[in-house]
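Right, one structure below, let's go through it.
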Amino acid sequence: MTTDRVLGKVEKFLLTCEGLDRGVLVGVSGGADSICLTHALFRLGSQGLFPKMLIAHVNHGLRGNESDSDHKFVEDFAATLKSQNAVRVDYISTKVCRSEEHTSELQSH
């Protein structure tokens, strides 16, 4: 699918949403799909479709260092977009702490 088709589909969907004048919230895992979506949203916001976007990331810590690497990648990615000043970008994240007991439950299922 071409970039213009992706942008067109995302824009068409966004235009059906209420509250677009306040901005958009995008959950970003750090994977290819969420990064692609975030790029598309950033581009549409830069064109004036909405005034700001909030990038949110949750580090569940399920993959140890890999989870921490994803967290850092998303944080850096958000900072790069924010520095471009094309649309207001804010970033929030949280790291979910797991108890050893909970980890054992997850592994046994």
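In the structure tokens, chains take the letters A, B, ... in the order shown, each chain's residues start at 1, and ligands count up from 1 in the order shown.
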Contacts between stretch 19-30 of chain A and stretch 42-67 of chain A, please, where a residue of stretch 42-67 of chain A counts if it comes within 9 Å (with only C-alpha atoms); show its shortest atom pair and distance in Å to one decimal, rows by chain and ascending number, as JSON lines.
```
{"residue": "A:Gly45", "atom": "CA", "partner": "A:Gly23", "partner_atom": "CA", "distance": 8.5}
{"residue": "A:Leu49", "atom": "CA", "partner": "A:Leu20", "partner_atom": "CA", "distance": 7.8}
{"residue": "A:Phe50", "atom": "CA", "partner": "A:Gly23", "partner_atom": "CA", "distance": 5.2}
{"residue": "A:Pro51", "atom": "CA", "partner": "A:Gly23", "partner_atom": "CA", "distance": 5.5}
{"residue": "A:Lys52", "atom": "CA", "partner": "A:Gly23", "partner_atom": "CA", "distance": 4.7}
{"residue": "A:Met53", "atom": "CA", "partner": "A:Val24", "partner_atom": "CA", "distance": 4.7}
{"residue": "A:Leu54", "atom": "CA", "partner": "A:Leu25", "partner_atom": "CA", "distance": 4.7}
{"residue": "A:Ile55", "atom": "CA", "partner": "A:Val26", "partner_atom": "CA", "distance": 5.1}
{"residue": "A:Ala56", "atom": "CA", "partner": "A:Gly27", "partner_atom": "CA", "distance": 4.8}
{"residue": "A:His57", "atom": "CA", "partner": "A:Val28", "partner_atom": "CA", "distance": 5.4}
{"residue": "A:Val58", "atom": "CA", "partner": "A:Ser29", "partner_atom": "CA", "distance": 7.4}
{"residue": "A:Asn59", "atom": "CA", "partner": "A:Ser29", "partner_atom": "CA", "distance": 8.2}
```
Can I get the selected residues back with C-alpha atoms, as an mmCIF file, in the first residue's frame?
```cif
data_model
loop_
_atom_site.group_PDB
_atom_site.id
_atom_site.type_symbol
_atom_site.label_atom_id
_atom_site.label_comp_id
_atom_site.auth_asym_id
_atom_site.auth_seq_id
_atom_site.Cartn_x
_atom_site.Cartn_y
_atom_site.Cartn_z
ATOM 1 C CA GLY A 45 -1.362 16.735 12.369
ATOM 2 C CA LEU A 49 -5.932 18.063 10.864
ATOM 3 C CA PHE A 50 -5.578 18.289 14.659
ATOM 4 C CA PRO A 51 -3.598 20.558 17.036
ATOM 5 C CA LYS A 52 -1.692 18.058 19.162
ATOM 6 C CA MET A 53 -0.950 14.405 19.695
ATOM 7 C CA LEU A 54 -0.161 12.443 22.811
ATOM 8 C CA ILE A 55 2.090 9.422 22.449
ATOM 9 C CA ALA A 56 1.561 6.869 25.211
ATOM 10 C CA HIS A 57 3.725 3.843 25.972
ATOM 11 C CA VAL A 58 3.364 1.150 28.634
ATOM 12 C CA ASN A 59 6.389 -0.961 29.450
#
```
Quiz prompt | Distance query A:Glu75 at most 9 Å, only C-alpha atoms, self and fewer than 3 positions along chain excluded, as JSON, numbers by chain | solution = {"A": [57, 70, 71, 72, 78, 79, 80, 91, 92, 93]}
Quiz item: What is the distance, in Å and to one decimal place, between atom CA of A:Val89 and atom CA of A:Phe42?
Solution: 8.5 Å
Quiz item: Nearest to A:Ala32 among A:Leu7, A:Val74, A:Leu15, A:Val87, with distances taken over only C-alpha atoms: which residue is it?
Solution: A:Val74
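One finds atom CA of A:Gly31 at 16.5 Å from atom CA of A:Leu81.
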